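Dropping input.pdb in here (PDB, C-alpha atoms, pLDDT in the B column):
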MODEL        1
ATOM      1  CA  MET A 258      21.520  32.263  -6.932  1.00 40.00           C
ATOM      2  CA  ARG A 259      19.869  29.708  -4.680  1.00 48.00           C
ATOM      3  CA  ALA A 260      17.270  27.505  -6.353  1.00 46.00           C
ATOM      4  CA  THR A 261      14.598  28.473  -3.831  1.00 40.00           C
ATOM      5  CA  THR A 262      15.166  32.175  -4.552  1.00 38.00           C
ATOM      6  CA  ARG A 263      14.926  31.616  -8.280  1.00 41.00           C
ATOM      7  CA  ILE A 264      11.717  29.614  -7.895  1.00 37.00           C
ATOM      8  CA  ALA A 265      10.211  32.381  -5.770  1.00 38.00           C
ATOM      9  CA  GLU A 266      11.049  34.957  -8.453  1.00 41.00           C
ATOM     10  CA  LEU A 267       9.442  32.808 -11.129  1.00 41.00           C
ATOM     11  CA  LEU A 268       6.292  32.284  -9.074  1.00 46.00           C
ATOM     12  CA  GLY A 269       5.738  35.976  -8.470  1.00 52.00           C
ATOM     13  CA  PRO A 270       7.086  39.217  -7.005  1.00 60.00           C
ATOM     14  CA  SER A 271       8.072  39.421  -3.349  1.00 75.00           C
ATOM     15  CA  GLY A 272       9.283  43.009  -2.979  1.00 87.00           C
ATOM     16  CA  CYS A 273       7.112  45.938  -1.889  1.00 86.00           C
ATOM     17  CA  LEU A 274       5.788  47.740  -4.952  1.00 84.00           C
ATOM     18  CA  GLY A 275       6.404  51.043  -3.192  1.00 82.00           C
ATOM     19  CA  CYS A 276       9.981  50.730  -1.912  1.00 83.00           C
ATOM     20  CA  GLY A 277      11.152  47.304  -3.088  1.00 84.00           C
ATOM     21  CA  ARG A 278      11.568  45.933   0.433  1.00 86.00           C
ATOM     22  CA  PRO A 279      12.005  42.128   0.179  1.00 88.00           C
ATOM     23  CA  GLY A 280       9.009  40.175   1.345  1.00 83.00           C
ATOM     24  CA  GLY A 281       6.806  43.271   1.406  1.00 84.00           C
ATOM     25  CA  TRP A 282       4.700  42.594  -1.673  1.00 85.00           C
ATOM     26  CA  PRO A 283       2.374  44.180  -2.587  1.00 86.00           C
ATOM     27  CA  CYS A 284       2.772  47.015  -0.053  1.00 85.00           C
ATOM     28  CA  CYS A 285       4.900  46.712   3.074  1.00 83.00           C
ATOM     29  CA  ALA A 286       4.008  48.073   6.503  1.00 78.00           C
ATOM     30  CA  GLY A 287       6.475  50.923   6.099  1.00 77.00           C
ATOM     31  CA  CYS A 288       4.777  52.111   2.906  1.00 76.00           C
ATOM     32  CA  THR A 289       1.231  51.555   4.118  1.00 71.00           C
ATOM     33  CA  PRO A 290      -0.113  55.002   5.040  1.00 63.00           C
ATOM     34  CA  VAL A 291      -0.618  55.646   8.743  1.00 53.00           C
ATOM     35  CA  GLU A 292      -3.453  58.110   8.073  1.00 55.00           C
ATOM     36  CA  PRO A 293      -6.336  57.515   8.098  1.00 54.00           C
ATOM     37  CA  SER A 294      -5.450  55.561  11.225  1.00 61.00           C
ATOM     38  CA  ALA A 295      -8.318  53.128  10.659  1.00 74.00           C
ATOM     39  CA  PRO A 296     -10.203  51.848   7.590  1.00 87.00           C
ATOM     40  CA  GLY A 297     -13.316  53.757   8.676  1.00 87.00           C
ATOM     41  CA  PRO A 298     -16.086  54.518   9.043  1.00 90.00           C
ATOM     42  CA  TRP A 299     -15.736  57.783   7.114  1.00 91.00           C
ATOM     43  CA  ARG A 300     -18.424  59.913   5.520  1.00 93.00           C
ATOM     44  CA  LEU A 301     -18.301  60.111   1.734  1.00 95.00           C
ATOM     45  CA  ALA A 302     -18.182  63.833   0.984  1.00 95.00           C
ATOM     46  CA  ALA A 303     -20.219  63.496  -2.220  1.00 95.00           C
ATOM     47  CA  ASP A 304     -22.989  61.659  -0.307  1.00 96.00           C
ATOM     48  CA  PRO A 305     -22.734  61.780   3.506  1.00 95.00           C
ATOM     49  CA  ALA A 306     -25.334  58.990   3.741  1.00 95.00           C
ATOM     50  CA  VAL A 307     -22.670  56.600   2.435  1.00 96.00           C
ATOM     51  CA  THR A 308     -20.040  55.161   4.765  1.00 95.00           C
ATOM     52  CA  LEU A 309     -16.590  54.948   3.160  1.00 96.00           C
ATOM     53  CA  TRP A 310     -13.988  52.342   4.159  1.00 96.00           C
ATOM     54  CA  THR A 311     -10.446  52.512   2.768  1.00 94.00           C
ATOM     55  CA  LEU A 312      -6.927  51.237   3.425  1.00 92.00           C
ATOM     56  CA  GLY A 313      -5.500  54.755   3.248  1.00 89.00           C
ATOM     57  CA  PRO A 314      -4.827  57.832   1.102  1.00 89.00           C
ATOM     58  CA  TYR A 315      -3.966  57.437  -2.551  1.00 92.00           C
ATOM     59  CA  GLN A 316      -0.263  58.181  -2.284  1.00 89.00           C
ATOM     60  CA  GLY A 317       3.123  56.605  -1.682  1.00 88.00           C
ATOM     61  CA  GLY A 318       3.482  52.854  -1.600  1.00 88.00           C
ATOM     62  CA  LEU A 319      -0.244  52.187  -1.601  1.00 91.00           C
ATOM     63  CA  ARG A 320      -0.672  54.202  -4.768  1.00 92.00           C
ATOM     64  CA  ALA A 321       2.257  52.367  -6.380  1.00 91.00           C
ATOM     65  CA  ALA A 322       0.692  49.021  -5.516  1.00 90.00           C
ATOM     66  CA  VAL A 323      -2.717  50.021  -6.901  1.00 92.00           C
ATOM     67  CA  VAL A 324      -1.187  51.354 -10.132  1.00 91.00           C
ATOM     68  CA  ALA A 325       0.900  48.203 -10.545  1.00 88.00           C
ATOM     69  CA  GLY A 326      -2.204  46.086 -10.141  1.00 86.00           C
ATOM     70  CA  LYS A 327      -4.248  48.082 -12.625  1.00 87.00           C
ATOM     71  CA  LEU A 328      -1.750  49.170 -15.265  1.00 83.00           C
ATOM     72  CA  ARG A 329       1.551  47.353 -14.886  1.00 79.00           C
ATOM     73  CA  GLY A 330       0.679  43.714 -15.274  1.00 74.00           C
ATOM     74  CA  GLN A 331       0.366  42.690 -11.636  1.00 80.00           C
ATOM     75  CA  PRO A 332      -3.355  41.981 -11.154  1.00 83.00           C
ATOM     76  CA  ALA A 333      -2.519  39.658  -8.255  1.00 88.00           C
ATOM     77  CA  ALA A 334      -1.616  42.786  -6.281  1.00 89.00           C
ATOM     78  CA  LEU A 335      -5.259  43.863  -6.470  1.00 91.00           C
ATOM     79  CA  THR A 336      -6.390  40.515  -5.111  1.00 93.00           C
ATOM     80  CA  ALA A 337      -3.901  40.710  -2.250  1.00 92.00           C
ATOM     81  CA  LEU A 338      -4.901  44.264  -1.400  1.00 93.00           C
ATOM     82  CA  GLY A 339      -8.574  43.342  -1.676  1.00 95.00           C
ATOM     83  CA  ARG A 340      -8.071  40.583   0.857  1.00 95.00           C
ATOM     84  CA  ARG A 341      -6.300  43.033   3.152  1.00 93.00           C
ATOM     85  CA  LEU A 342      -9.224  45.437   2.826  1.00 95.00           C
ATOM     86  CA  GLY A 343     -11.685  42.642   3.558  1.00 96.00           C
ATOM     87  CA  ALA A 344      -9.744  41.630   6.652  1.00 94.00           C
ATOM     88  CA  GLN A 345      -9.758  45.198   7.956  1.00 92.00           C
ATOM     89  CA  LEU A 346     -13.490  45.493   7.326  1.00 95.00           C
ATOM     90  CA  GLU A 347     -14.077  42.256   9.174  1.00 95.00           C
ATOM     91  CA  ALA A 348     -11.942  43.417  12.108  1.00 92.00           C
ATOM     92  CA  ALA A 349     -13.808  46.741  12.191  1.00 92.00           C
ATOM     93  CA  GLY A 350     -17.155  44.975  12.341  1.00 91.00           C
ATOM     94  CA  ALA A 351     -18.449  46.257   9.003  1.00 91.00           C
ATOM     95  CA  GLY A 352     -21.530  44.344   7.940  1.00 90.00           C
ATOM     96  CA  ALA A 353     -23.387  43.769   4.674  1.00 96.00           C
ATOM     97  CA  ASP A 354     -25.617  41.217   2.991  1.00 97.00           C
ATOM     98  CA  LEU A 355     -23.773  41.170  -0.318  1.00 96.00           C
ATOM     99  CA  VAL A 356     -20.905  42.810  -2.192  1.00 98.00           C
ATOM    100  CA  THR A 357     -21.043  44.514  -5.577  1.00 97.00           C
ATOM    101  CA  TRP A 358     -18.714  46.748  -7.559  1.00 96.00           C
ATOM    102  CA  VAL A 359     -18.542  49.795  -9.838  1.00 94.00           C
ATOM    103  CA  ALA A 360     -18.674  48.383 -13.358  1.00 88.00           C
ATOM    104  CA  SER A 361     -16.404  49.792 -16.067  1.00 79.00           C
ATOM    105  CA  ARG A 362     -16.656  49.815 -19.819  1.00 69.00           C
ATOM    106  CA  ALA A 363     -14.114  47.977 -21.929  1.00 61.00           C
ATOM    107  CA  ALA A 364     -11.016  49.974 -22.869  1.00 59.00           C
ATOM    108  CA  ARG A 365      -9.655  49.388 -26.387  1.00 57.00           C
ATOM    109  CA  GLY A 366     -11.705  46.243 -26.658  1.00 47.00           C
ATOM    110  CA  ARG A 367     -10.501  44.783 -23.365  1.00 49.00           C
ATOM    111  CA  PRO A 368     -12.681  44.490 -20.276  1.00 46.00           C
ATOM    112  CA  ARG A 369     -11.364  46.257 -17.193  1.00 69.00           C
ATOM    113  CA  GLU A 370     -12.443  44.211 -14.199  1.00 85.00           C
ATOM    114  CA  HIS A 371     -10.343  45.859 -11.491  1.00 90.00           C
ATOM    115  CA  ALA A 372     -13.271  46.601  -9.208  1.00 94.00           C
ATOM    116  CA  ARG A 373     -14.721  43.130  -9.715  1.00 94.00           C
ATOM    117  CA  THR A 374     -11.385  41.563  -8.792  1.00 94.00           C
ATOM    118  CA  LEU A 375     -11.353  43.597  -5.590  1.00 96.00           C
ATOM    119  CA  ALA A 376     -14.996  42.876  -4.797  1.00 97.00           C
ATOM    120  CA  GLU A 377     -14.476  39.143  -5.137  1.00 97.00           C
ATOM    121  CA  ALA A 378     -11.422  39.274  -2.882  1.00 97.00           C
ATOM    122  CA  VAL A 379     -13.282  41.315  -0.256  1.00 97.00           C
ATOM    123  CA  SER A 380     -16.358  39.097  -0.418  1.00 97.00           C
ATOM    124  CA  ALA A 381     -14.277  35.946  -0.010  1.00 97.00           C
ATOM    125  CA  VAL A 382     -12.793  37.250   3.242  1.00 97.00           C
ATOM    126  CA  LEU A 383     -16.166  38.430   4.553  1.00 97.00           C
ATOM    127  CA  GLY A 384     -17.966  35.263   3.477  1.00 97.00           C
ATOM    128  CA  LEU A 385     -20.505  37.227   1.409  1.00 97.00           C
ATOM    129  CA  PRO A 386     -21.772  36.727  -2.146  1.00 97.00           C
ATOM    130  CA  ALA A 387     -20.343  39.005  -4.842  1.00 97.00           C
ATOM    131  CA  VAL A 388     -23.132  39.982  -7.235  1.00 95.00           C
ATOM    132  CA  ARG A 389     -23.012  42.234 -10.292  1.00 95.00           C
ATOM    133  CA  LEU A 390     -25.763  44.748  -9.579  1.00 95.00           C
ATOM    134  CA  LEU A 391     -24.631  47.699 -11.704  1.00 93.00           C
ATOM    135  CA  GLY A 392     -24.042  48.262 -15.387  1.00 89.00           C
ATOM    136  CA  PRO A 393     -21.333  50.650 -16.623  1.00 85.00           C
ATOM    137  CA  ALA A 394     -22.222  54.334 -16.502  1.00 75.00           C
ATOM    138  CA  ALA A 395     -22.522  56.210 -19.759  1.00 69.00           C
ATOM    139  CA  GLY A 396     -20.178  59.065 -20.570  1.00 59.00           C
ATOM    140  CA  ALA A 397     -16.480  59.663 -20.040  1.00 54.00           C
ATOM    141  CA  ASP A 398     -14.705  57.214 -17.767  1.00 49.00           C
ATOM    142  CA  LEU A 399     -13.361  58.892 -14.651  1.00 46.00           C
ATOM    143  CA  GLY A 400     -10.530  56.387 -14.632  1.00 44.00           C
ATOM    144  CA  HIS A 401      -8.927  58.310 -17.517  1.00 40.00           C
ATOM    145  CA  ALA A 402      -9.521  61.676 -15.879  1.00 36.00           C
ATOM    146  CA  ARG A 403      -8.048  61.023 -12.453  1.00 40.00           C
ATOM    147  CA  GLY A 404      -5.071  63.214 -11.795  1.00 37.00           C
ATOM    148  CA  THR A 405      -6.398  66.044 -13.988  1.00 34.00           C
ATOM    149  CA  ARG A 406      -8.083  69.166 -12.746  1.00 40.00           C
ATOM    150  CA  ARG A 407     -11.294  68.813 -10.804  1.00 46.00           C
ATOM    151  CA  PRO A 408     -14.659  69.084 -12.564  1.00 46.00           C
ATOM    152  CA  ALA A 409     -16.190  72.555 -12.475  1.00 46.00           C
ATOM    153  CA  ALA A 410     -18.317  73.271  -9.446  1.00 48.00           C
ATOM    154  CA  GLY A 411     -21.908  72.152  -9.834  1.00 48.00           C
ATOM    155  CA  THR A 412     -21.206  69.778 -12.726  1.00 46.00           C
ATOM    156  CA  ARG A 413     -21.501  66.011 -12.713  1.00 50.00           C
ATOM    157  CA  ALA A 414     -18.539  64.192 -14.236  1.00 54.00           C
ATOM    158  CA  ARG A 415     -20.639  61.344 -15.628  1.00 58.00           C
ATOM    159  CA  PRO A 416     -24.220  60.025 -15.435  1.00 72.00           C
ATOM    160  CA  ARG A 417     -25.228  57.596 -12.722  1.00 77.00           C
ATOM    161  CA  PRO A 418     -25.026  53.905 -13.604  1.00 81.00           C
ATOM    162  CA  ALA A 419     -28.158  51.818 -13.986  1.00 79.00           C
ATOM    163  CA  ALA A 420     -29.007  48.958 -11.638  1.00 84.00           C
ATOM    164  CA  ARG A 421     -29.340  45.585 -13.368  1.00 82.00           C
ATOM    165  CA  ARG A 422     -31.987  44.235 -10.998  1.00 86.00           C
ATOM    166  CA  ARG A 423     -34.330  45.138  -8.193  1.00 89.00           C
ATOM    167  CA  LEU A 424     -33.401  44.603  -4.544  1.00 90.00           C
ATOM    168  CA  ALA A 425     -35.686  43.746  -1.662  1.00 91.00           C
ATOM    169  CA  GLY A 426     -33.929  45.898   0.895  1.00 91.00           C
ATOM    170  CA  GLY A 427     -30.680  44.688   2.409  1.00 94.00           C
ATOM    171  CA  ARG A 428     -27.244  46.177   2.979  1.00 97.00           C
ATOM    172  CA  VAL A 429     -24.879  46.442   0.026  1.00 98.00           C
ATOM    173  CA  LEU A 430     -21.110  46.895   0.180  1.00 98.00           C
ATOM    174  CA  LEU A 431     -20.039  48.776  -2.964  1.00 98.00           C
ATOM    175  CA  VAL A 432     -16.395  48.250  -4.004  1.00 98.00           C
ATOM    176  CA  ASP A 433     -14.146  50.309  -6.280  1.00 96.00           C
ATOM    177  CA  ASP A 434     -10.383  50.725  -6.579  1.00 95.00           C
ATOM    178  CA  VAL A 435      -9.908  54.427  -5.750  1.00 95.00           C
ATOM    179  CA  ALA A 436     -12.191  57.222  -4.544  1.00 95.00           C
ATOM    180  CA  THR A 437     -10.963  60.515  -6.017  1.00 94.00           C
ATOM    181  CA  THR A 438     -13.860  62.956  -5.672  1.00 93.00           C
ATOM    182  CA  GLY A 439     -16.308  60.285  -4.532  1.00 94.00           C
ATOM    183  CA  HIS A 440     -18.874  61.208  -7.187  1.00 94.00           C
ATOM    184  CA  THR A 441     -18.683  57.829  -8.929  1.00 93.00           C
ATOM    185  CA  LEU A 442     -19.408  56.047  -5.657  1.00 96.00           C
ATOM    186  CA  ALA A 443     -22.179  58.501  -4.824  1.00 96.00           C
ATOM    187  CA  GLY A 444     -23.868  57.925  -8.189  1.00 95.00           C
ATOM    188  CA  ALA A 445     -23.594  54.155  -7.857  1.00 96.00           C
ATOM    189  CA  ALA A 446     -24.955  54.262  -4.312  1.00 96.00           C
ATOM    190  CA  HIS A 447     -27.911  56.333  -5.496  1.00 95.00           C
ATOM    191  CA  ALA A 448     -28.668  53.754  -8.195  1.00 95.00           C
ATOM    192  CA  LEU A 449     -28.544  50.917  -5.666  1.00 96.00           C
ATOM    193  CA  ARG A 450     -30.857  52.712  -3.249  1.00 96.00           C
ATOM    194  CA  ALA A 451     -33.254  53.505  -6.107  1.00 94.00           C
ATOM    195  CA  ALA A 452     -33.230  49.783  -6.935  1.00 95.00           C
ATOM    196  CA  GLY A 453     -34.309  48.956  -3.391  1.00 95.00           C
ATOM    197  CA  ALA A 454     -31.155  48.676  -1.267  1.00 96.00           C
ATOM    198  CA  ARG A 455     -31.831  49.722   2.311  1.00 96.00           C
ATOM    199  CA  ARG A 456     -28.250  50.796   3.009  1.00 96.00           C
ATOM    200  CA  VAL A 457     -25.116  51.222   0.906  1.00 97.00           C
ATOM    201  CA  GLU A 458     -21.563  51.365   2.192  1.00 97.00           C
ATOM    202  CA  ALA A 459     -18.492  51.835   0.005  1.00 98.00           C
ATOM    203  CA  ALA A 460     -15.017  50.311   0.205  1.00 97.00           C
ATOM    204  CA  THR A 461     -11.946  51.304  -1.808  1.00 97.00           C
ATOM    205  CA  LEU A 462      -8.268  50.466  -1.621  1.00 95.00           C
ATOM    206  CA  ALA A 463      -7.355  54.144  -1.426  1.00 93.00           C
ATOM    207  CA  ALA A 464      -9.002  57.552  -1.350  1.00 94.00           C
ATOM    208  CA  ALA A 465      -8.052  61.155  -1.971  1.00 93.00           C
ATOM    209  CA  ALA A 466      -8.590  63.429   1.024  1.00 90.00           C
ATOM    210  CA  ARG A 467     -11.404  65.305  -0.691  1.00 91.00           C
ATOM    211  CA  ALA A 468     -13.384  62.067  -1.076  1.00 93.00           C
ATOM    212  CA  PHE A 469     -14.057  62.092   2.652  1.00 83.00           C
ATOM    213  CA  GLY A 470     -14.156  65.820   3.224  1.00 72.00           C
ATOM    214  CA  GLY A 471     -10.451  66.658   3.411  1.00 58.00           C
ATOM    215  CA  SER A 472     -10.267  66.543   7.189  1.00 50.00           C
ATOM    216  CA  GLY A 473     -11.365  62.954   7.362  1.00 51.00           C
ATOM    217  CA  GLY A 474     -15.087  63.154   8.076  1.00 55.00           C
ATOM    218  CA  ARG A 475     -14.750  60.458  10.709  1.00 56.00           C
ATOM    219  CA  GLY A 476     -17.834  59.037  12.276  1.00 52.00           C
ATOM    220  CA  ALA A 477     -20.485  56.429  11.689  1.00 46.00           C
ATOM    221  CA  VAL A 478     -23.199  57.420   9.280  1.00 45.00           C
TER     222      VAL A 478
ENDMDL
END

Serialized structure, structure tokens:
Amino acid sequence: MRATTRIAELLGPSGCLGCGRPGGWPCCAGCTPVEPSAPGPWRLAADPAVTLWTLGPYQGGLRAAVVAGKLRGQPAALTALGRRLGAQLEAAGAGADLVTWVASRAARGRPREHARTLAEAVSAVLGLPAVRLLGPAAGADLGHARGTRRPAAGTRARPRPAARRRLAGGRVLLVDDVATTGHTLAGAAHALRAAGARRVEAATLAAAARAFGGSGGRGAV
């Protein structure tokens, strides 16, 4: 094995987390979903007043990369994907005054800062401050429920989070890892508007089809 190859392996992974393609880490072009064909703007089904931006549907190579970043000891994948999301937002002309994230409670005594990691990566690309505006929501964590059956119609999966401070207007970009039903983002957006935000947009690495209405829900809000 060449010394340069060995050094590269020691420094970090290089293969796509979806298909293993060399040099494709964390998610190569072949595994990056082609639909949606753009990061947005999409309407969040749970709150059509919120614009949703995303890299693509939560499946295939993108899903593998997100799971590896969250659960399989490759947090750097989240940073890389967050930078990719930020670059796509910048190219699409998305604008905000600051970036915040959906806060999570500690799991088994360990903090889970996935959304914060993403928010800081996105904010660095966009040149915006990343500010913790939300506290964790009470109740069951949707992160443990994703992949199970949907909540019963008319029920709320968890209470809305509380805002940590007041806002004097402004546009807030709300970041989370995955939008499944979109209800977590909708609740967080409501809390930010109640705290004084003039406009809230959401950005996730991936989204289930039902998060933006199944058929896409394309169009500026």

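With the shown file loaded, the PyMOL selection byres ((chain A and resi 371) around 9) picks out Gly326, Lys327, Pro332, Leu335, Ala360, Ser361, Arg369, Glu370, Ala372, Arg373, Thr374, Leu375, Ala376, Asp433 and Asp434 of chain A.
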
| message | Using all atoms listed in the file - which residues lie no farther than 6 Å from the point (-25.7, 58.1, -17.2) in the file's frame? Write them as a PyMOL selection string. | response | chain A and resi 394-395+416-418

| task | List the neighbours of stretch 312-322 of chain A out to 9 Å using only C-alpha atoms; skip same-chain residues closer than 4 positions along the sequence, and give me the result as a ChimeraX atom specification. | result | /A:273-276,282-285,287-297,326-327,331,334-335,338,341-342,345,435-437,460-466

Selected residues, C-alpha atoms, written as an mmCIF file, in the frame of the given file, please.
data_model
loop_
_atom_site.group_PDB
_atom_site.id
_atom_site.type_symbol
_atom_site.label_atom_id
_atom_site.label_comp_id
_atom_site.auth_asym_id
_atom_site.auth_seq_id
_atom_site.Cartn_x
_atom_site.Cartn_y
_atom_site.Cartn_z
ATOM 1 C CA CYS A 273 7.112 45.938 -1.889
ATOM 2 C CA LEU A 274 5.788 47.740 -4.952
ATOM 3 C CA GLY A 275 6.404 51.043 -3.192
ATOM 4 C CA CYS A 276 9.981 50.730 -1.912
ATOM 5 C CA TRP A 282 4.700 42.594 -1.673
ATOM 6 C CA PRO A 283 2.374 44.180 -2.587
ATOM 7 C CA CYS A 284 2.772 47.015 -0.053
ATOM 8 C CA CYS A 285 4.900 46.712 3.074
ATOM 9 C CA GLY A 287 6.475 50.923 6.099
ATOM 10 C CA CYS A 288 4.777 52.111 2.906
ATOM 11 C CA THR A 289 1.231 51.555 4.118
ATOM 12 C CA PRO A 290 -0.113 55.002 5.040
ATOM 13 C CA VAL A 291 -0.618 55.646 8.743
ATOM 14 C CA GLU A 292 -3.453 58.110 8.073
ATOM 15 C CA PRO A 293 -6.336 57.515 8.098
ATOM 16 C CA SER A 294 -5.450 55.561 11.225
ATOM 17 C CA ALA A 295 -8.318 53.128 10.659
ATOM 18 C CA PRO A 296 -10.203 51.848 7.590
ATOM 19 C CA GLY A 297 -13.316 53.757 8.676
ATOM 20 C CA GLY A 326 -2.204 46.086 -10.141
ATOM 21 C CA LYS A 327 -4.248 48.082 -12.625
ATOM 22 C CA GLN A 331 0.366 42.690 -11.636
ATOM 23 C CA ALA A 334 -1.616 42.786 -6.281
ATOM 24 C CA LEU A 335 -5.259 43.863 -6.470
ATOM 25 C CA LEU A 338 -4.901 44.264 -1.400
ATOM 26 C CA ARG A 341 -6.300 43.033 3.152
ATOM 27 C CA LEU A 342 -9.224 45.437 2.826
ATOM 28 C CA GLN A 345 -9.758 45.198 7.956
ATOM 29 C CA VAL A 435 -9.908 54.427 -5.750
ATOM 30 C CA ALA A 436 -12.191 57.222 -4.544
ATOM 31 C CA THR A 437 -10.963 60.515 -6.017
ATOM 32 C CA ALA A 460 -15.017 50.311 0.205
ATOM 33 C CA THR A 461 -11.946 51.304 -1.808
ATOM 34 C CA LEU A 462 -8.268 50.466 -1.621
ATOM 35 C CA ALA A 463 -7.355 54.144 -1.426
ATOM 36 C CA ALA A 464 -9.002 57.552 -1.350
ATOM 37 C CA ALA A 465 -8.052 61.155 -1.971
ATOM 38 C CA ALA A 466 -8.590 63.429 1.024
#

| task | Rank nothing, just name the residue among A:Leu391, A:Leu309, A:Ala349, A:Ala325 nearest to A:Phe469, using only C-alpha atoms. | result | A:Leu309

| query | How would you write, as a list in words, the residues chosen by the PyMOL selection byres ((chain A and resi 353) around 8) on this structure? | reply | Ala351, Gly352, Asp354, Leu355, Val356, Leu385, Gly427, Arg428, Val429 and Leu430 of chain A

Just say which residues the PyMOL selection byres ((chain A and resi 424) around 12) picks in this file, as a PDB file with C-alpha atoms, in the frame of the given file.
ATOM      1  CA  ASP A 354     -25.617  41.217   2.991  1.00 97.00           C
ATOM      2  CA  LEU A 355     -23.773  41.170  -0.318  1.00 96.00           C
ATOM      3  CA  VAL A 388     -23.132  39.982  -7.235  1.00 95.00           C
ATOM      4  CA  LEU A 390     -25.763  44.748  -9.579  1.00 95.00           C
ATOM      5  CA  LEU A 391     -24.631  47.699 -11.704  1.00 93.00           C
ATOM      6  CA  ALA A 420     -29.007  48.958 -11.638  1.00 84.00           C
ATOM      7  CA  ARG A 421     -29.340  45.585 -13.368  1.00 82.00           C
ATOM      8  CA  ARG A 422     -31.987  44.235 -10.998  1.00 86.00           C
ATOM      9  CA  ARG A 423     -34.330  45.138  -8.193  1.00 89.00           C
ATOM     10  CA  ALA A 425     -35.686  43.746  -1.662  1.00 91.00           C
ATOM     11  CA  GLY A 426     -33.929  45.898   0.895  1.00 91.00           C
ATOM     12  CA  GLY A 427     -30.680  44.688   2.409  1.00 94.00           C
ATOM     13  CA  ARG A 428     -27.244  46.177   2.979  1.00 97.00           C
ATOM     14  CA  VAL A 429     -24.879  46.442   0.026  1.00 98.00           C
ATOM     15  CA  ALA A 448     -28.668  53.754  -8.195  1.00 95.00           C
ATOM     16  CA  LEU A 449     -28.544  50.917  -5.666  1.00 96.00           C
ATOM     17  CA  ARG A 450     -30.857  52.712  -3.249  1.00 96.00           C
ATOM     18  CA  ALA A 451     -33.254  53.505  -6.107  1.00 94.00           C
ATOM     19  CA  ALA A 452     -33.230  49.783  -6.935  1.00 95.00           C
ATOM     20  CA  GLY A 453     -34.309  48.956  -3.391  1.00 95.00           C
ATOM     21  CA  ALA A 454     -31.155  48.676  -1.267  1.00 96.00           C
ATOM     22  CA  ARG A 455     -31.831  49.722   2.311  1.00 96.00           C
ATOM     23  CA  ARG A 456     -28.250  50.796   3.009  1.00 96.00           C
ATOM     24  CA  VAL A 457     -25.116  51.222   0.906  1.00 97.00           C
TER      25      VAL A 457
END

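A straight line drawn from atom CA of A:Trp358 to atom CA of A:Thr336 is 14.0 Å long.
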
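Here atom CA of A:Val359 is placed at a distance of 12.5 Å from atom CA of A:Glu458.
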
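Nearest to A:Gly281 of all the residues A:Val379, A:Ala387, A:Ala337, A:Val432 is A:Ala337, counting only C-alpha atoms.
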
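Among the candidates A:Ala443, A:Ala378, A:Leu383, A:Ala302, the one nearest to A:Gly350 when counting all atoms listed in the file is A:Leu383.
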
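You will find atom CA of A:Ser380 at 23.3 Å from atom CA of A:His440.
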
Export: stretch 304-315 of chain A, N, CA and C atoms, as an mmCIF file, in the first residue's frame:
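Final file, decode_25.cif:
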data_model
loop_
_atom_site.group_PDB
_atom_site.id
_atom_site.type_symbol
_atom_site.label_atom_id
_atom_site.label_comp_id
_atom_site.auth_asym_id
_atom_site.auth_seq_id
_atom_site.Cartn_x
_atom_site.Cartn_y
_atom_site.Cartn_z
ATOM 1 N N ASP A 304 -46.847 23.376 7.702
ATOM 2 C CA ASP A 304 -47.022 24.823 7.862
ATOM 3 C C ASP A 304 -46.625 25.476 6.544
ATOM 4 N N PRO A 305 -47.564 25.672 5.631
ATOM 5 C CA PRO A 305 -47.250 26.221 4.310
ATOM 6 C C PRO A 305 -46.633 27.616 4.331
ATOM 7 N N ALA A 306 -46.662 28.293 5.491
ATOM 8 C CA ALA A 306 -46.003 29.599 5.589
ATOM 9 C C ALA A 306 -44.489 29.463 5.673
ATOM 10 N N VAL A 307 -44.003 28.238 5.882
ATOM 11 C CA VAL A 307 -42.574 27.998 6.032
ATOM 12 C C VAL A 307 -42.001 27.442 4.732
ATOM 13 N N THR A 308 -40.962 28.082 4.230
ATOM 14 C CA THR A 308 -40.229 27.577 3.075
ATOM 15 C C THR A 308 -39.261 26.494 3.523
ATOM 16 N N LEU A 309 -39.240 25.373 2.815
ATOM 17 C CA LEU A 309 -38.342 24.267 3.134
ATOM 18 C C LEU A 309 -37.294 24.126 2.044
ATOM 19 N N TRP A 310 -36.026 24.077 2.456
ATOM 20 C CA TRP A 310 -34.896 23.809 1.563
ATOM 21 C C TRP A 310 -34.282 22.482 1.970
ATOM 22 N N THR A 311 -33.895 21.652 1.014
ATOM 23 C CA THR A 311 -33.318 20.349 1.333
ATOM 24 C C THR A 311 -32.436 19.863 0.191
ATOM 25 N N LEU A 312 -31.456 19.016 0.526
ATOM 26 C CA LEU A 312 -30.601 18.434 -0.509
ATOM 27 C C LEU A 312 -31.343 17.394 -1.332
ATOM 28 N N GLY A 313 -32.326 16.722 -0.730
ATOM 29 C CA GLY A 313 -33.039 15.681 -1.469
ATOM 30 C C GLY A 313 -33.848 14.808 -0.552
ATOM 31 N N PRO A 314 -34.498 13.771 -1.097
ATOM 32 C CA PRO A 314 -35.312 12.862 -0.282
ATOM 33 C C PRO A 314 -34.456 11.984 0.618
ATOM 34 N N TYR A 315 -35.044 11.572 1.716
ATOM 35 C CA TYR A 315 -34.335 10.779 2.709
ATOM 36 C C TYR A 315 -34.314 9.325 2.267
#
